Every structure is written in C-alpha cells, then in structure tokens.
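Below: target-v2.pdb (PDB, C-alpha atoms)
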ATOM      1  CA  MET A   1     126.082 101.682  76.102
ATOM      2  CA  SER A   2     126.021 103.631  72.925
ATOM      3  CA  CYS A   3     125.591 107.277  72.141
ATOM      4  CA  PRO A   4     122.122 108.617  71.220
ATOM      5  CA  VAL A   5     122.884 108.289  67.466
ATOM      6  CA  CYS A   6     122.792 104.477  67.444
ATOM      7  CA  PHE A   7     120.953 103.940  70.702
ATOM      8  CA  SER A   8     118.046 102.185  69.026
ATOM      9  CA  THR A   9     120.049  99.355  67.484
ATOM     10  CA  ALA A  10     119.187  95.788  68.366
ATOM     11  CA  ALA A  11     122.404  95.402  70.399
ATOM     12  CA  ASP A  12     121.159  97.964  72.895
ATOM     13  CA  HIS A  13     117.809  96.287  73.356
ATOM     14  CA  THR A  14     118.531  95.118  76.909
ATOM     15  CA  VAL A  15     120.065  98.466  77.866
ATOM     16  CA  ARG A  16     116.942 100.206  76.641
ATOM     17  CA  GLU A  17     114.732  97.834  78.593
ATOM     18  CA  GLY A  18     116.874  98.422  81.676
ATOM     19  CA  LEU A  19     116.562 102.176  81.322
ATOM     20  CA  ASN A  20     112.808 101.842  80.962
ATOM     21  CA  ALA A  21     112.581  99.621  84.052
ATOM     22  CA  GLY A  22     114.673 102.089  86.076
ATOM     23  CA  ILE A  23     112.542 105.003  84.915
ATOM     24  CA  PHE A  24     109.284 103.211  85.733
ATOM     25  CA  VAL A  25     110.464 102.239  89.227
ATOM     26  CA  LEU A  26     111.514 105.819  89.990
ATOM     27  CA  LEU A  27     108.263 107.140  88.485
ATOM     28  CA  GLY A  28     106.321 104.752  90.730
ATOM     29  CA  VAL A  29     108.198 105.927  93.824
ATOM     30  CA  THR A  30     107.766 109.583  92.827
ATOM     31  CA  PHE A  31     104.032 109.143  92.263
ATOM     32  CA  LEU A  32     103.762 107.372  95.607
ATOM     33  CA  VAL A  33     105.391 110.286  97.440
ATOM     34  CA  LEU A  34     103.557 112.976  95.458
ATOM     35  CA  GLY A  35     100.301 111.049  95.974
ATOM     36  CA  GLY A  36     100.943 111.175  99.709
ATOM     37  CA  PHE A  37     101.470 114.935  99.524
ATOM     38  CA  ALA A  38      98.329 115.377  97.407
ATOM     39  CA  ARG A  39      96.298 113.376  99.922
ATOM     40  CA  PHE A  40      97.678 115.521 102.751
ATOM     41  CA  PHE A  41      96.731 118.744 100.937
ATOM     42  CA  PHE A  42      93.221 117.414 100.280
ATOM     43  CA  ALA A  43      92.939 116.575 103.987
ATOM     44  CA  LEU A  44      94.061 120.135 104.837
ATOM     45  CA  ALA A  45      91.425 121.576 102.481
ATOM     46  CA  ARG A  46      88.727 119.350 103.992
ATOM     47  CA  ARG A  47      89.656 120.404 107.520
ATOM     48  CA  ALA A  48      89.609 124.068 106.532
ATOM     49  CA  ARG A  49      86.171 123.654 104.939
ATOM     50  CA  GLU A  50      84.829 121.852 108.005
ATOM     51  CA  SER A  51      86.162 124.503 110.382
ATOM     52  CA  VAL A  52      84.462 127.245 108.291
ATOM     53  CA  LEU A  53      81.177 125.307 108.401
ATOM     54  CA  GLU A  54      81.479 124.880 112.186
ATOM     55  CA  LYS A  55      81.893 128.634 112.627
TER
ATOM     56  CA  MET B  56     108.964 130.462 124.741
ATOM     57  CA  ASP B  57     107.554 126.998 124.134
ATOM     58  CA  ILE B  58     107.612 125.495 120.667
ATOM     59  CA  PRO B  59     103.947 125.244 119.644
ATOM     60  CA  TYR B  60     102.149 121.975 118.934
ATOM     61  CA  THR B  61     104.839 119.613 120.182
ATOM     62  CA  THR B  62     102.242 117.602 122.078
ATOM     63  CA  ASP B  63      98.900 119.076 121.008
ATOM     64  CA  VAL B  64      97.559 118.280 117.580
ATOM     65  CA  ARG B  65      97.472 121.261 115.241
ATOM     66  CA  PRO B  66      93.827 121.807 114.256
ATOM     67  CA  ASP B  67      94.657 122.539 110.615
ATOM     68  CA  THR B  68      97.032 119.630 109.889
ATOM     69  CA  GLY B  69      95.592 117.103 112.320
ATOM     70  CA  LEU B  70      99.154 116.267 113.388
ATOM     71  CA  THR B  71     101.687 117.485 115.918
ATOM     72  CA  ASN B  72     104.477 119.533 114.343
ATOM     73  CA  PRO B  73     107.197 116.943 115.113
ATOM     74  CA  LYS B  74     105.117 114.190 113.520
ATOM     75  CA  LEU B  75     104.580 116.265 110.384
ATOM     76  CA  GLY B  76     108.339 116.885 110.284
ATOM     77  CA  MET B  77     109.013 113.165 110.631
ATOM     78  CA  TRP B  78     106.641 112.332 107.768
ATOM     79  CA  LEU B  79     108.399 114.898 105.551
ATOM     80  CA  PHE B  80     111.754 113.387 106.492
ATOM     81  CA  LEU B  81     110.479 109.893 105.688
ATOM     82  CA  ALA B  82     109.212 111.161 102.309
ATOM     83  CA  SER B  83     112.759 112.301 101.501
ATOM     84  CA  GLU B  84     114.043 108.911 102.649
ATOM     85  CA  VAL B  85     111.599 107.144 100.327
ATOM     86  CA  MET B  86     113.052 109.159  97.436
ATOM     87  CA  LEU B  87     116.593 108.267  98.502
ATOM     88  CA  PHE B  88     115.930 104.535  98.645
ATOM     89  CA  GLY B  89     113.668 104.809  95.589
ATOM     90  CA  SER B  90     116.571 106.093  93.507
ATOM     91  CA  PHE B  91     118.629 103.087  94.579
ATOM     92  CA  PHE B  92     115.841 100.644  93.713
ATOM     93  CA  SER B  93     115.498 102.401  90.356
ATOM     94  CA  SER B  94     119.251 101.950  89.748
ATOM     95  CA  TYR B  95     118.883  98.286  90.675
ATOM     96  CA  ALA B  96     116.052  97.818  88.152
ATOM     97  CA  LEU B  97     118.017  99.654  85.463
ATOM     98  CA  LEU B  98     121.203  97.644  85.981
ATOM     99  CA  ARG B  99     119.537  94.271  86.445
ATOM    100  CA  VAL B 100     117.152  94.456  83.504
ATOM    101  CA  GLY B 101     119.857  95.989  81.296
ATOM    102  CA  ALA B 102     122.505  93.401  82.224
ATOM    103  CA  ALA B 103     123.435  90.715  79.697
ATOM    104  CA  SER B 104     123.643  88.182  82.544
ATOM    105  CA  TRP B 105     122.790  88.314  86.242
ATOM    106  CA  PRO B 106     123.949  85.956  89.014
ATOM    107  CA  ASP B 107     121.554  83.633  90.835
ATOM    108  CA  GLN B 108     121.099  85.939  93.820
ATOM    109  CA  SER B 109     119.812  83.343  96.264
ATOM    110  CA  ALA B 110     122.827  81.151  95.483
ATOM    111  CA  VAL B 111     125.276  83.976  96.237
ATOM    112  CA  LEU B 112     123.516  85.333  99.325
ATOM    113  CA  SER B 113     122.245  83.485 102.376
ATOM    114  CA  VAL B 114     118.438  83.453 102.315
ATOM    115  CA  PRO B 115     118.048  81.769 105.763
ATOM    116  CA  LEU B 116     120.214  84.460 107.415
ATOM    117  CA  ALA B 117     118.241  87.216 105.693
ATOM    118  CA  ALA B 118     114.965  85.548 106.732
ATOM    119  CA  LEU B 119     116.258  85.442 110.308
ATOM    120  CA  ASN B 120     117.106  89.143 110.086
ATOM    121  CA  THR B 121     113.625  89.870 108.732
ATOM    122  CA  ALA B 122     112.069  88.095 111.716
ATOM    123  CA  VAL B 123     114.400  89.976 114.078
ATOM    124  CA  LEU B 124     113.427  93.363 112.606
ATOM    125  CA  LEU B 125     109.707  92.518 112.626
ATOM    126  CA  ALA B 126     110.005  91.516 116.283
ATOM    127  CA  SER B 127     111.790  94.807 117.024
ATOM    128  CA  SER B 128     108.932  96.714 115.384
ATOM    129  CA  VAL B 129     106.520  94.978 117.761
ATOM    130  CA  THR B 130     108.673  95.731 120.816
ATOM    131  CA  ILE B 131     109.088  99.428 119.929
ATOM    132  CA  ALA B 132     105.322  99.783 119.361
ATOM    133  CA  LEU B 133     104.736  98.215 122.797
ATOM    134  CA  ALA B 134     107.427 100.514 124.264
ATOM    135  CA  TRP B 135     105.501 103.502 122.935
ATOM    136  CA  ARG B 136     102.297 102.181 124.477
ATOM    137  CA  ALA B 137     104.063 101.655 127.811
ATOM    138  CA  ALA B 138     105.487 105.198 127.625
ATOM    139  CA  ARG B 139     102.020 106.649 126.995
ATOM    140  CA  GLN B 140     100.592 104.672 129.906
ATOM    141  CA  GLY B 141     103.408 105.818 132.202
ATOM    142  CA  ASP B 142     104.727 102.299 132.833
ATOM    143  CA  ARG B 143     108.413 103.104 133.079
ATOM    144  CA  ALA B 144     109.698  99.599 133.838
ATOM    145  CA  ALA B 145     107.864  98.113 130.855
ATOM    146  CA  TYR B 146     109.062 100.954 128.651
ATOM    147  CA  ARG B 147     112.686 100.416 129.625
ATOM    148  CA  GLY B 148     112.456  96.663 129.103
ATOM    149  CA  LEU B 149     110.751  96.928 125.718
ATOM    150  CA  MET B 150     113.054  99.670 124.443
ATOM    151  CA  ALA B 151     116.077  97.659 125.610
ATOM    152  CA  ALA B 152     114.669  94.645 123.737
ATOM    153  CA  THR B 153     114.301  96.813 120.603
ATOM    154  CA  ILE B 154     117.924  97.950 120.887
ATOM    155  CA  ALA B 155     119.100  94.370 121.477
ATOM    156  CA  LEU B 156     117.199  93.145 118.398
ATOM    157  CA  GLY B 157     118.686  95.974 116.328
ATOM    158  CA  ILE B 158     122.169  94.974 117.463
ATOM    159  CA  VAL B 159     121.413  91.333 116.578
ATOM    160  CA  PHE B 160     120.351  92.494 113.110
ATOM    161  CA  LEU B 161     123.605  94.402 112.604
ATOM    162  CA  GLY B 162     125.590  91.452 113.977
ATOM    163  CA  VAL B 163     123.992  89.016 111.525
ATOM    164  CA  LYS B 164     124.529  91.487 108.668
ATOM    165  CA  GLY B 165     128.159  91.942 109.721
ATOM    166  CA  SER B 166     128.744  88.176 109.784
ATOM    167  CA  GLU B 167     127.155  87.933 106.334
ATOM    168  CA  TYR B 168     129.496  90.637 105.033
ATOM    169  CA  ALA B 169     132.522  88.932 106.610
ATOM    170  CA  ASP B 170     131.522  85.593 105.082
ATOM    171  CA  LYS B 171     131.128  87.107 101.603
ATOM    172  CA  LEU B 172     134.370  89.081 101.830
ATOM    173  CA  SER B 173     136.291  85.976 102.976
ATOM    174  CA  GLN B 174     135.070  84.269  99.784
ATOM    175  CA  GLY B 175     136.443  87.148  97.722
ATOM    176  CA  LEU B 176     132.976  88.546  97.044
ATOM    177  CA  ALA B 177     133.651  92.267  97.387
ATOM    178  CA  PRO B 178     131.629  95.269  96.167
ATOM    179  CA  SER B 179     134.012  95.537  93.218
ATOM    180  CA  THR B 180     133.405  91.908  92.142
ATOM    181  CA  ASP B 181     130.373  92.649  89.991
ATOM    182  CA  VAL B 182     127.449  95.035  89.624
ATOM    183  CA  PHE B 183     125.109  92.840  91.685
ATOM    184  CA  LEU B 184     127.452  92.754  94.693
ATOM    185  CA  GLY B 185     128.164  96.474  94.303
ATOM    186  CA  LEU B 186     124.426  97.151  94.596
ATOM    187  CA  TYR B 187     124.031  94.635  97.409
ATOM    188  CA  TYR B 188     126.744  96.189  99.593
ATOM    189  CA  THR B 189     125.631  99.740  98.809
ATOM    190  CA  MET B 190     121.934  99.260  99.538
ATOM    191  CA  THR B 191     122.240  96.939 102.527
ATOM    192  CA  GLY B 192     125.073  99.139 103.875
ATOM    193  CA  LEU B 193     122.905 102.249 103.563
ATOM    194  CA  HIS B 194     120.104 100.404 105.322
ATOM    195  CA  ALA B 195     122.485  99.251 108.085
ATOM    196  CA  LEU B 196     123.526 102.892 108.577
ATOM    197  CA  HIS B 197     119.864 103.755 109.077
ATOM    198  CA  ILE B 198     119.543 100.963 111.641
ATOM    199  CA  ALA B 199     122.616 102.309 113.456
ATOM    200  CA  ALA B 200     121.101 105.812 113.482
ATOM    201  CA  GLY B 201     117.831 104.407 114.852
ATOM    202  CA  LEU B 202     119.762 102.541 117.543
ATOM    203  CA  ALA B 203     121.491 105.787 118.557
ATOM    204  CA  VAL B 204     118.113 107.521 118.895
ATOM    205  CA  ASN B 205     116.606 104.597 120.825
ATOM    206  CA  ALA B 206     119.650 104.501 123.130
ATOM    207  CA  TYR B 207     119.233 108.236 123.750
ATOM    208  CA  LEU B 208     115.552 107.728 124.584
ATOM    209  CA  ILE B 209     116.336 105.027 127.112
ATOM    210  CA  GLY B 210     119.345 106.932 128.521
ATOM    211  CA  PRO B 211     119.818 110.708 128.795
ATOM    212  CA  GLY B 212     116.628 111.489 126.856
ATOM    213  CA  ALA B 213     114.510 109.685 129.463
ATOM    214  CA  ARG B 214     115.141 112.529 131.921
ATOM    215  CA  MET B 215     112.143 114.153 130.268
ATOM    216  CA  TRP B 216     109.911 111.343 131.610
ATOM    217  CA  GLN B 217     108.983 113.249 134.773
ATOM    218  CA  ALA B 218     109.046 116.852 133.631
ATOM    219  CA  GLN B 219     107.436 116.608 130.178
ATOM    220  CA  HIS B 220     105.940 113.173 129.950
ATOM    221  CA  ALA B 221     103.573 113.782 127.012
ATOM    222  CA  ARG B 222     106.405 115.288 124.964
ATOM    223  CA  PHE B 223     108.644 112.357 125.805
ATOM    224  CA  ALA B 224     105.986 109.839 124.744
ATOM    225  CA  ASN B 225     105.656 111.738 121.446
ATOM    226  CA  ARG B 226     109.392 111.406 120.893
ATOM    227  CA  VAL B 227     109.141 107.661 121.425
ATOM    228  CA  GLU B 228     106.286 107.571 118.908
ATOM    229  CA  LEU B 229     108.441 109.362 116.307
ATOM    230  CA  ALA B 230     111.343 106.996 116.952
ATOM    231  CA  ALA B 231     108.920 104.093 116.454
ATOM    232  CA  LEU B 232     107.661 105.622 113.200
ATOM    233  CA  TYR B 233     111.228 105.836 111.893
ATOM    234  CA  TRP B 234     111.945 102.296 113.050
ATOM    235  CA  HIS B 235     108.891 100.944 111.225
ATOM    236  CA  PHE B 236     110.035 102.744 108.077
ATOM    237  CA  VAL B 237     113.480 101.144 108.280
ATOM    238  CA  ASP B 238     111.715  97.809 108.767
ATOM    239  CA  VAL B 239     109.620  98.297 105.613
ATOM    240  CA  ILE B 240     112.747  99.226 103.615
ATOM    241  CA  TRP B 241     114.411  96.014 104.789
ATOM    242  CA  ILE B 242     111.437  93.949 103.637
ATOM    243  CA  CYS B 243     111.777  95.549 100.169
ATOM    244  CA  ILE B 244     115.540  94.829 100.158
ATOM    245  CA  PHE B 245     114.905  91.251 101.309
ATOM    246  CA  ALA B 246     112.389  90.660  98.530
ATOM    247  CA  VAL B 247     114.504  92.260  95.806
ATOM    248  CA  PHE B 248     117.951  90.903  96.707
ATOM    249  CA  TYR B 249     117.125  87.505  98.195
ATOM    250  CA  LEU B 250     113.846  86.311  96.727
ATOM    251  CA  LEU B 251     113.533  87.697  93.185
TER
END
Could you write out this file's structure as structure tokens?
Amino acid sequence: MSCPVCFSTAADHTVREGLNAGIFVLLGVTFLVLGGFARFFFALARRARESVLEK
Amino acid sequence: MDIPYTTDVRPDTGLTNPKLGMWLFLASEVMLFGSFFSSYALLRVGAASWPDQSAVLSVPLAALNTAVLLASSVTIALAWRAARQGDRAAYRGLMAATIALGIVFLGVKGSEYADKLSQGLAPSTDVFLGLYYTMTGLHALHIAAGLAVNAYLIGPGARMWQAQHARFANRVELAALYWHFVDVIWICIFAVFYLL
C-alpha cells in the first residue's frame, strides 16, 4: 500500500482494483438494505392512503 | 399493561411489532456480514496471489453442512406450522430436530477447524485463512445464539404454550426467521469460500 501521493502508480494497480471491489460489494449491500427500507416506507404510504380512502 | 401488537398485526405497518423489530435487527446483521464480505473482496482482488481455496478447505464437508442447515430450515418452518396448529408433540419433535441439526453443523465445523489447525493452518497463516476463520467463526456464533433461542423455546419458553399460545407461536416464527437468515448467510459463505 502506498500513500495517496503515489497511489496511482502501476505497482498499486491490484490494490486499487481490490479497493474498488470492496467498495462495490459494500455499496451493493448498502443499497440492498436501503432498498428494503425504501420499499417498507412506500408500503406504509400506500397503507395510509388506502385507509384514508376507506374512511 | 400489555405490550401492544405482539400478536395482532399493526394496521399501519402490516406487521406485528416483534416481527418489525426482527427485520430491523436482520438489516443490521446484513450490514455486519456485508462489511466482512466487502473486506474479503478488497483483500482477495487486491492480493498479489491467492491460494486455491477448494484445495485448502474441504468442499464435501461444507456441502454436507449446507445440506444440514437447509434441512434445519425445513424442520424449523414445520415446527412453526405445528406450533400454530397447536400440535405440541410435532412441535417438540421438529424443534428438537432443528437443534440437533444445528449441533451437527457446529460439530462438523469444529472438526474442520481441528483438522486445519492440526495441519498448522491457523488464522495467522495468511490473509485467506484469517478471513475464513473470522467469517465462519462469526457465523458459528450466530448458529450458537440461534440454538440457545431454540433451546429456550423448547424448554422454559414453552411454558407460554397454554397461557399465551398465539404469542408463543409468534416467537417461534421470529426464531425461524432468524434461523433462515443464518442459513442464507452460510450459503453466501459456502459460495465465496469454497466454490469461487
């Protein structure tokens, strides 16, 4: 691992790819969880709308 | 005062409060395991060389453990159904089978650890084995926690069967939800550590 000054040299190519892979995996997991929350909130909004219409 | 919506579904969320709590807990667990899988991707892709995983680890033993955990997911789902239907004997038998399968899983994992350690393959040997022991160990801890909950539900927790049957059946459902989650995590670990 090198410091940010020479991080983009060819020697750190694999490290950079590794960092990218790690970031993308964690982004995928985060989007999965946040997507679940978003879906839940949409379901809450739909239920609230339906209950207003029923009344 | 009774805790509201322990058995009845809340009209606004469409869930009982305990089930909503369990889903939130599982979301935090997904983030926990997700960070480990992210570390795995970072270290593996960034490594100059990586061992042949299936040559180091025992794929047949892991496949056996996968089958054992899948079978335990079936038995706990049937235990929940038996609990809902009020069939106590079937519930006890199926929950006991789930616990037994969980113990078999931990036994196989323990023998795998012992085999690796006897060959000098410790967590400090290399990055791959460090990740392997950390992630499978964390998963085994989750299995042990699930076993403790299942043992409680077949033992002292089952006193609720008569007095608050619907609430008890909901508890079994939540335990089953957690158990399925641990099962899914194992399948991800199996694919990443043994097959890829």
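Using the PyMOL selection byres ((chain B and resi 131) around 10) on the file at hand returns these residues: Ala126, Ser127, Ser128, Val129, Thr130, Ala132, Leu133, Ala134, Trp135, Arg136, Ala137, Tyr146, Leu149, Met150, Ala151, Ala152, Thr153, Ile154, Asn205, Val227, Glu228, Ala230, Ala231, Leu232, Trp234 and His235 of chain B.
This file gives the following result for the PyMOL selection byres ((chain B and resi 94) around 9): A:Leu19, A:Gly22, A:Ile23, A:Val25, A:Leu26, B:Gly89, B:Ser90, B:Phe91, B:Phe92, B:Ser93, B:Tyr95, B:Ala96, B:Leu97, B:Leu98, B:Arg99, B:Leu186.
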Subject >> Residue neighbourhood stretch 111-117 of chain B, 10 Å, all atoms listed in the file, exclusion window fewer than 4 positions, as a count of residues only >> reply: 25
**OP:** Identify every residue of chain A that has at least one atom within 10 Å of any atom of chain B, counting only C-alpha atoms, and report the result as a PyMOL selection string.
**Re:** chain A and resi 1+12-30+32-34+36-37+40-41+43-48+51
Would you save the residues of that selection, restricted to C-alpha atoms, as a PDB file, in the frame of the given file?
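This went into out.pdb:
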ATOM      1  CA  MET A   1     126.082 101.682  76.102  1.00  0.00           C
ATOM      2  CA  ASP A  12     121.159  97.964  72.895  1.00  0.00           C
ATOM      3  CA  HIS A  13     117.809  96.287  73.356  1.00  0.00           C
ATOM      4  CA  THR A  14     118.531  95.118  76.909  1.00  0.00           C
ATOM      5  CA  VAL A  15     120.065  98.466  77.866  1.00  0.00           C
ATOM      6  CA  ARG A  16     116.942 100.206  76.641  1.00  0.00           C
ATOM      7  CA  GLU A  17     114.732  97.834  78.593  1.00  0.00           C
ATOM      8  CA  GLY A  18     116.874  98.422  81.676  1.00  0.00           C
ATOM      9  CA  LEU A  19     116.562 102.176  81.322  1.00  0.00           C
ATOM     10  CA  ASN A  20     112.808 101.842  80.962  1.00  0.00           C
ATOM     11  CA  ALA A  21     112.581  99.621  84.052  1.00  0.00           C
ATOM     12  CA  GLY A  22     114.673 102.089  86.076  1.00  0.00           C
ATOM     13  CA  ILE A  23     112.542 105.003  84.915  1.00  0.00           C
ATOM     14  CA  PHE A  24     109.284 103.211  85.733  1.00  0.00           C
ATOM     15  CA  VAL A  25     110.464 102.239  89.227  1.00  0.00           C
ATOM     16  CA  LEU A  26     111.514 105.819  89.990  1.00  0.00           C
ATOM     17  CA  LEU A  27     108.263 107.140  88.485  1.00  0.00           C
ATOM     18  CA  GLY A  28     106.321 104.752  90.730  1.00  0.00           C
ATOM     19  CA  VAL A  29     108.198 105.927  93.824  1.00  0.00           C
ATOM     20  CA  THR A  30     107.766 109.583  92.827  1.00  0.00           C
ATOM     21  CA  LEU A  32     103.762 107.372  95.607  1.00  0.00           C
ATOM     22  CA  VAL A  33     105.391 110.286  97.440  1.00  0.00           C
ATOM     23  CA  LEU A  34     103.557 112.976  95.458  1.00  0.00           C
ATOM     24  CA  GLY A  36     100.943 111.175  99.709  1.00  0.00           C
ATOM     25  CA  PHE A  37     101.470 114.935  99.524  1.00  0.00           C
ATOM     26  CA  PHE A  40      97.678 115.521 102.751  1.00  0.00           C
ATOM     27  CA  PHE A  41      96.731 118.744 100.937  1.00  0.00           C
ATOM     28  CA  ALA A  43      92.939 116.575 103.987  1.00  0.00           C
ATOM     29  CA  LEU A  44      94.061 120.135 104.837  1.00  0.00           C
ATOM     30  CA  ALA A  45      91.425 121.576 102.481  1.00  0.00           C
ATOM     31  CA  ARG A  46      88.727 119.350 103.992  1.00  0.00           C
ATOM     32  CA  ARG A  47      89.656 120.404 107.520  1.00  0.00           C
ATOM     33  CA  ALA A  48      89.609 124.068 106.532  1.00  0.00           C
ATOM     34  CA  SER A  51      86.162 124.503 110.382  1.00  0.00           C
TER      35      SER A  51
END
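The spacing separating atom CA of B:Asn72 from atom CA of B:His194 amounts to 26.3 Å.
Atom CA of B:Glu84 sits 28.4 Å away from atom CA of B:Leu172.
Across the structure, atom CA of B:Pro73 and atom CA of B:Ala213 are spaced 17.7 Å apart.
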Build an axis-aligned box that encloses every atom of stretch 30-42 of chain A listed in the file, pad it by 4 Å on each side, and report its centre and edge lengths in Å to one decimal, as lines of an AutoDock Vina configuration file.
center_x = 100.5
center_y = 113.1
center_z = 97.5
size_x = 22.5
size_y = 19.4
size_z = 18.5
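Of the residues under consideration (B:Asn225, B:Val182, B:Leu193, B:Ala218), B:Val182 shows the shortest atom-to-atom contact distance to B:Gln108 when counting only C-alpha atoms.
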